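*Asks:* Structure provided below as structure tokens; questions to follow.
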Amino acid sequence: MEIVIDPTQLWEQLIAFANEYKLLTSLVLLIVLHFTKKGVLLLIRRISSQRGEDRRNQINILEQLGNAFIIIVLMMVWSSEIQTLAISIAAFMVAIVLATREFIQCFMGFIYYLGARPFRVGDWIQMNNIIGEVVEMDWAKTALLEVDPETFNYTGKHVYVPNSQLVTQTVRNLNFMRRYRLHSFEIVNEPTVNAYSLLPAFHARAQAHCEYFRDVAERYKGLIERHLEQEFIRIDPEVEIKTNELAKVVVKVSLFCPTAEAHELEHKMCSDWLSLWFRAQKEEQAMLMQQQSEFNSNISPSATTTDQQTTSSTGL
């Protein structure tokens with residue numbers, strides 16, 4: 001006798017079993033869906049690692065969508081209980097909303113992120129005076145790997161920012177500063193030398209330090225300006241000389257350079273400027289000493305002549 005399995009009847013039996021044993025059904029679904037999600041993410045990580053691609057953003061989005069799908073499935077299993085619970089706590093809904101206001105704001109911030117996409121996982125951003133690389137994001141928080149704003153090096157600290165700040169705070173995307181940045185620094189000296197006379201030699205040395213990455217900087221400059229639709233970057237170093245409120249000479253240098261080498265270039269240019277400055281000081285001191293010696297030599301003969309005339313007058 002052939003056994004015939006009716007798919008409709010089998011599906012109805014499965015639904016009846018799930019409704020009768022909801023806790024067991026929820027546990028089985030949770031385990032199956034969780035390990036399915038982990039398997040898919042592991043497969044994507046292996047493929048991206050073999051191809052050398054950065055898929056952290058796609059992995060993060062798939063992980064959050066997988067979590068949302070699991071929650072939706074569990075809510076469907078427990079829909080009748082949730083409905084009954086919602087009706088029973090209707091009187092306390094206002095209090096619950098007030099108690100979970102921060103969580104609701106975080107969730108709305110995550111919805112805003114999905115719609116506006118101001119940044120992606122792996123981008124450098126600035127939120128609430130904190131600069132960091134986005135390493136993870138879920139519906140409640142954004143995890144940042146902190147970056148030192150002075151040196152643009154990783155500090156090793158993780159900062160967790162609530163997603164509610166995506167709506168209430170200003171978010172700056174600094175992703176274009178990961179490789180190249182606009183770096184500026186100042187050198188302060190006493191006004192003992194004419195700084196403008198040193199400007200051509202110093203500018204030539206500064207430009208020589210930046211020559212080896214000029215081609216890459218040109219391409220990166222074009223990429224940034226096309227993205228921002230605005231030309232504002234100059235490849236050649238700019239040197240400006242001014243004075244401060246203490247009447248000291250201030251040399252301001254601005255350059256577009258690799259982020260990792262900004263401070264090394266600053267040290268080299270400071271060394272060049274100070275060497276030119278002290279050399280000019282020595283030359284000026286030598287010139288003053290020479291003029292002083294010439295002046296003294298011119299005074300000595302006239303003084304001798306005066307003494308001789310005085311002696312002659314006394315003898316007479």
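By convention here, the chains of the structure tokens are called A, B, ... in the order presented, each chain's residues are numbered starting at 1, and ligands are numbered starting at 1 in the order presented.
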For range 17-26 of chain A, please output as a list in words all residues within 9 Å (counting only C-alpha atoms; exclusion window: fewer than 3 positions along the same chain).
*Replies:*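 The residues satisfying every condition are Glu12, Gln13, Leu14, Leu29, Leu30, Ile31, Val73, Leu74, Val77 and Trp78 of chain A.
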*Asks:* Could you write those residues out with all heavy atoms, as a PDB file, in the first residue's frame?
*Replies:*
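Dumped everything to again.pdb:
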```pdb
ATOM      1  N   GLU A  12      -0.277  21.940   7.940  1.00  0.00           N
ATOM      2  CA  GLU A  12      -1.227  22.234   9.013  1.00  0.00           C
ATOM      3  C   GLU A  12      -0.807  21.565  10.313  1.00  0.00           C
ATOM      4  O   GLU A  12      -0.955  22.141  11.402  1.00  0.00           O
ATOM      5  CB  GLU A  12      -2.635  21.777   8.606  1.00  0.00           C
ATOM      6  CG  GLU A  12      -3.226  22.603   7.481  1.00  0.00           C
ATOM      7  CD  GLU A  12      -4.588  22.083   7.047  1.00  0.00           C
ATOM      8  OE1 GLU A  12      -4.981  20.996   7.565  1.00  0.00           O
ATOM      9  OE2 GLU A  12      -5.255  22.726   6.204  1.00  0.00           O
ATOM     10  N   GLN A  13      -0.253  20.362  10.211  1.00  0.00           N
ATOM     11  CA  GLN A  13       0.224  19.686  11.415  1.00  0.00           C
ATOM     12  C   GLN A  13       1.422  20.411  12.029  1.00  0.00           C
ATOM     13  O   GLN A  13       1.534  20.516  13.258  1.00  0.00           O
ATOM     14  CB  GLN A  13       0.592  18.234  11.081  1.00  0.00           C
ATOM     15  CG  GLN A  13      -0.610  17.351  10.744  1.00  0.00           C
ATOM     16  CD  GLN A  13      -0.184  15.947  10.361  1.00  0.00           C
ATOM     17  OE1 GLN A  13       1.006  15.643  10.278  1.00  0.00           O
ATOM     18  NE2 GLN A  13      -1.183  15.082  10.096  1.00  0.00           N
ATOM     19  N   LEU A  14       2.298  20.907  11.151  1.00  0.00           N
ATOM     20  CA  LEU A  14       3.448  21.659  11.658  1.00  0.00           C
ATOM     21  C   LEU A  14       3.003  22.947  12.346  1.00  0.00           C
ATOM     22  O   LEU A  14       3.528  23.317  13.407  1.00  0.00           O
ATOM     23  CB  LEU A  14       4.414  21.986  10.504  1.00  0.00           C
ATOM     24  CG  LEU A  14       5.248  20.830   9.959  1.00  0.00           C
ATOM     25  CD1 LEU A  14       6.065  21.284   8.753  1.00  0.00           C
ATOM     26  CD2 LEU A  14       6.177  20.274  11.033  1.00  0.00           C
ATOM     27  N   LEU A  29      13.823  27.403  16.089  1.00  0.00           N
ATOM     28  CA  LEU A  29      13.963  28.451  15.074  1.00  0.00           C
ATOM     29  C   LEU A  29      15.139  29.370  15.386  1.00  0.00           C
ATOM     30  O   LEU A  29      15.893  29.762  14.482  1.00  0.00           O
ATOM     31  CB  LEU A  29      12.673  29.274  14.985  1.00  0.00           C
ATOM     32  CG  LEU A  29      11.480  28.594  14.300  1.00  0.00           C
ATOM     33  CD1 LEU A  29      10.236  29.466  14.424  1.00  0.00           C
ATOM     34  CD2 LEU A  29      11.783  28.309  12.838  1.00  0.00           C
ATOM     35  N   LEU A  30      15.298  29.690  16.660  1.00  0.00           N
ATOM     36  CA  LEU A  30      16.394  30.577  17.050  1.00  0.00           C
ATOM     37  C   LEU A  30      17.747  29.943  16.742  1.00  0.00           C
ATOM     38  O   LEU A  30      18.651  30.590  16.186  1.00  0.00           O
ATOM     39  CB  LEU A  30      16.283  30.903  18.543  1.00  0.00           C
ATOM     40  CG  LEU A  30      17.323  31.884  19.109  1.00  0.00           C
ATOM     41  CD1 LEU A  30      17.193  33.238  18.442  1.00  0.00           C
ATOM     42  CD2 LEU A  30      17.141  32.028  20.619  1.00  0.00           C
ATOM     43  N   ILE A  31      17.895  28.666  17.065  1.00  0.00           N
ATOM     44  CA  ILE A  31      19.169  27.979  16.811  1.00  0.00           C
ATOM     45  C   ILE A  31      19.430  27.850  15.316  1.00  0.00           C
ATOM     46  O   ILE A  31      20.533  28.139  14.828  1.00  0.00           O
ATOM     47  CB  ILE A  31      19.154  26.592  17.495  1.00  0.00           C
ATOM     48  CG1 ILE A  31      19.127  26.749  19.022  1.00  0.00           C
ATOM     49  CG2 ILE A  31      20.381  25.780  17.073  1.00  0.00           C
ATOM     50  CD1 ILE A  31      18.972  25.449  19.767  1.00  0.00           C
ATOM     51  N   VAL A  73      10.420  36.659  13.105  1.00  0.00           N
ATOM     52  CA  VAL A  73       9.912  35.282  13.135  1.00  0.00           C
ATOM     53  C   VAL A  73       9.425  34.922  14.531  1.00  0.00           C
ATOM     54  O   VAL A  73       8.347  34.307  14.697  1.00  0.00           O
ATOM     55  CB  VAL A  73      11.016  34.316  12.665  1.00  0.00           C
ATOM     56  CG1 VAL A  73      10.597  32.863  12.917  1.00  0.00           C
ATOM     57  CG2 VAL A  73      11.308  34.520  11.181  1.00  0.00           C
ATOM     58  N   LEU A  74      10.177  35.287  15.558  1.00  0.00           N
ATOM     59  CA  LEU A  74       9.754  34.996  16.931  1.00  0.00           C
ATOM     60  C   LEU A  74       8.481  35.750  17.292  1.00  0.00           C
ATOM     61  O   LEU A  74       7.618  35.218  18.004  1.00  0.00           O
ATOM     62  CB  LEU A  74      10.881  35.348  17.901  1.00  0.00           C
ATOM     63  CG  LEU A  74      12.150  34.486  17.809  1.00  0.00           C
ATOM     64  CD1 LEU A  74      13.205  34.967  18.776  1.00  0.00           C
ATOM     65  CD2 LEU A  74      11.819  33.014  18.078  1.00  0.00           C
ATOM     66  N   VAL A  77       5.600  33.864  15.858  1.00  0.00           N
ATOM     67  CA  VAL A  77       5.262  32.669  16.639  1.00  0.00           C
ATOM     68  C   VAL A  77       4.455  33.049  17.872  1.00  0.00           C
ATOM     69  O   VAL A  77       3.475  32.373  18.237  1.00  0.00           O
ATOM     70  CB  VAL A  77       6.548  31.919  17.027  1.00  0.00           C
ATOM     71  CG1 VAL A  77       6.229  30.761  17.982  1.00  0.00           C
ATOM     72  CG2 VAL A  77       7.254  31.388  15.779  1.00  0.00           C
ATOM     73  N   TRP A  78       4.838  34.146  18.517  1.00  0.00           N
ATOM     74  CA  TRP A  78       4.191  34.564  19.758  1.00  0.00           C
ATOM     75  C   TRP A  78       3.215  35.712  19.506  1.00  0.00           C
ATOM     76  O   TRP A  78       2.953  36.516  20.404  1.00  0.00           O
ATOM     77  CB  TRP A  78       5.234  35.003  20.777  1.00  0.00           C
ATOM     78  CG  TRP A  78       6.130  33.893  21.227  1.00  0.00           C
ATOM     79  CD1 TRP A  78       7.296  33.502  20.675  1.00  0.00           C
ATOM     80  CD2 TRP A  78       5.908  33.030  22.334  1.00  0.00           C
ATOM     81  NE1 TRP A  78       7.838  32.444  21.350  1.00  0.00           N
ATOM     82  CE2 TRP A  78       6.999  32.122  22.387  1.00  0.00           C
ATOM     83  CE3 TRP A  78       4.900  32.909  23.290  1.00  0.00           C
ATOM     84  CZ2 TRP A  78       7.111  31.138  23.351  1.00  0.00           C
ATOM     85  CZ3 TRP A  78       5.006  31.920  24.267  1.00  0.00           C
ATOM     86  CH2 TRP A  78       6.103  31.045  24.286  1.00  0.00           C
TER      87      TRP A  78
END
```
*Asks:* Using only C-alpha atoms, which of A:Leu114, A:Ala286, A:Leu198, A:Cys257 sits nearest Asp138 in chain A?
*Replies:*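 Residue with the minimum atom-to-atom distance to Asp138 in chain A: A:Leu114.
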*Asks:* So, counting only C-alpha atoms, which residue among A:Ile224, A:Ile233, A:Val134, A:Ala262 is closest to Val159 in chain A?
*Replies:* A:Val134
*Asks:* Counting only C-alpha atoms, what is within 12 Å of Lys221 in chain A, bar same-chain residues fewer than 3 positions away, as a PyMOL selection string?
*Replies:* chain A and resi 176-177+179-182+213-218+224-236+256-258
*Asks:* Restricting the calculation to only C-alpha atoms: of A:Glu53, A:Glu63, A:Glu211, A:Glu186, which residue gets closest to Val253 in chain A?
*Replies:*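 Nearest candidate to Val253 in chain A out of A:Glu53, A:Glu63, A:Glu211, A:Glu186: A:Glu186.
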*Asks:* So that I can see what lies close to Arg45 in chain A, please list as a short mmCIF file (atom, residue, chain, number, x, y, z; two decimals) with N, CA and C atoms, in the first residue's frame the residues with an atom at most 9 Å from it, counting only C-alpha atoms and leaving out residues fewer than 4 positions away in the same chain.
*Replies:*
```
data_model
loop_
_atom_site.label_atom_id
_atom_site.label_comp_id
_atom_site.auth_asym_id
_atom_site.auth_seq_id
_atom_site.Cartn_x
_atom_site.Cartn_y
_atom_site.Cartn_z
N VAL A 40 26.39 32.07 6.71
CA VAL A 40 26.41 32.98 5.55
C VAL A 40 27.47 34.06 5.74
N LEU A 41 27.56 34.63 6.95
CA LEU A 41 28.56 35.68 7.21
C LEU A 41 29.97 35.12 7.12
N SER A 49 38.02 37.77 1.97
CA SER A 49 39.44 37.65 2.33
C SER A 49 40.26 37.09 1.17
N GLN A 50 39.70 36.13 0.44
CA GLN A 50 40.42 35.58 -0.71
C GLN A 50 40.58 36.60 -1.83
N ARG A 55 34.64 44.01 2.91
CA ARG A 55 33.19 43.80 2.92
C ARG A 55 32.61 43.99 4.32
N ARG A 56 33.28 44.76 5.17
CA ARG A 56 32.79 44.91 6.53
C ARG A 56 31.43 45.59 6.57
N ILE A 59 28.78 43.04 5.53
CA ILE A 59 28.64 42.04 6.59
C ILE A 59 27.85 42.60 7.76
#
```
*Asks:* Enumerate, as number ranges by chain, the complete set of residues in range 17-256 of chain A that a backbone-based DSSP assignment places in alpha helix (DSSP H).
*Replies:* A: 17-20, 22-51, 56-77, 79-88, 93-99, 101-116, 165-168, 199-209, 214-228
*Asks:* Please identify all polymer residues within 9 Å of range 276-282 of chain A, counting only C-alpha atoms, omitting same-chain residues fewer than 4 positions from it, and present them as a list in words.
*Replies:*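 Everything that qualifies: Asn189, Thr192, Val193, Asn194, Ala195, Leu198, Ala201, Phe202, Ser271, Asp272, Ala286 and Met287 of chain A.
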*Asks:* Based on the selection just made, write N, CA and C atoms of those residues as a tab-separated table (two decimals), in the first residue's frame.
*Replies:*
```tsv
chain	number	residue	atom	x	y	z
A	189	ASN	N	59.82	82.62	15.88
A	189	ASN	CA	61.20	83.04	16.10
A	189	ASN	C	61.23	84.48	16.58
A	192	THR	N	65.06	88.71	14.78
A	192	THR	CA	66.47	89.09	14.68
A	192	THR	C	67.00	88.99	13.27
A	193	VAL	N	66.25	88.36	12.37
A	193	VAL	CA	66.68	88.16	10.99
A	193	VAL	C	65.52	88.53	10.08
A	194	ASN	N	65.84	89.02	8.89
A	194	ASN	CA	64.82	89.29	7.88
A	194	ASN	C	64.29	87.97	7.35
A	195	ALA	N	63.10	87.57	7.79
A	195	ALA	CA	62.55	86.26	7.44
A	195	ALA	C	62.24	86.15	5.95
A	198	LEU	N	64.83	84.55	3.69
A	198	LEU	CA	64.99	83.09	3.78
A	198	LEU	C	63.87	82.35	3.06
A	201	ALA	N	64.66	80.01	-0.30
A	201	ALA	CA	65.41	78.79	0.00
A	201	ALA	C	64.55	77.80	0.79
A	202	PHE	N	63.78	78.31	1.74
A	202	PHE	CA	62.94	77.42	2.55
A	202	PHE	C	61.82	76.80	1.71
A	271	SER	N	63.27	71.73	10.92
A	271	SER	CA	64.73	71.65	10.94
A	271	SER	C	65.34	72.51	9.84
A	272	ASP	N	64.75	72.47	8.65
A	272	ASP	CA	65.26	73.30	7.55
A	272	ASP	C	65.16	74.78	7.88
A	286	ALA	N	78.52	88.02	11.99
A	286	ALA	CA	79.85	88.18	11.40
A	286	ALA	C	79.96	89.50	10.66
A	287	MET	N	78.90	89.89	9.97
A	287	MET	CA	78.90	91.16	9.26
A	287	MET	C	78.99	92.33	10.22
```
*Asks:* Assign secondary structure with DSSP using the backbone only, and return the residues of range 66-263 of chain A in strand (DSSP E) as a PyMOL selection string.
*Replies:* chain A and resi 124-127+130-137+141-147+154-162+171-173+180-189+238-243+249-258
*Asks:* May I have the residues within 6 Å of Lys252 in chain A as a PyMOL selection string, using only C-alpha atoms and disregarding those fewer than 3 positions away in the same chain?
*Replies:* chain A and resi 185-186+239-240
*Asks:* Could you save those same residues with N, CA and C atoms as a PDB file, in the first residue's frame?
*Replies:*
```pdb
ATOM      1  N   PHE A 185      51.183  73.958  10.291  1.00  0.00           N
ATOM      2  CA  PHE A 185      51.901  74.164  11.549  1.00  0.00           C
ATOM      3  C   PHE A 185      52.577  75.521  11.503  1.00  0.00           C
ATOM      4  N   GLU A 186      53.025  75.985  12.681  1.00  0.00           N
ATOM      5  CA  GLU A 186      53.645  77.302  12.797  1.00  0.00           C
ATOM      6  C   GLU A 186      54.996  77.200  13.487  1.00  0.00           C
ATOM      7  N   VAL A 239      53.717  78.870   2.273  1.00  0.00           N
ATOM      8  CA  VAL A 239      54.445  79.442   3.407  1.00  0.00           C
ATOM      9  C   VAL A 239      53.986  80.882   3.584  1.00  0.00           C
ATOM     10  N   GLU A 240      53.566  81.210   4.787  1.00  0.00           N
ATOM     11  CA  GLU A 240      53.088  82.562   5.103  1.00  0.00           C
ATOM     12  C   GLU A 240      53.866  83.082   6.306  1.00  0.00           C
TER      13      GLU A 240
END
```
*Asks:* Rounded to one decimal in Å, what is the spacing between CA of Ala208 in chain A and CA of Thr243 in chain A?
*Replies:* 26.3 Å
*Asks:* For a quick check of understanding, using only C-alpha atoms, which of A:Met269, A:Val161, A:Leu174, A:Val188 has the smallest distance to Cys210 in chain A?
*Replies:*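 Among the listed residues, the smallest separation from Cys210 in chain A belongs to A:Met269.
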*Asks:* Could you work out how far CA of Ile131 in chain A lies from CA of Pro149 in chain A, giving the answer in Å with one decimal?
*Replies:*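 Going from CA of Pro149 in chain A over to CA of Ile131 in chain A covers 6.6 Å.
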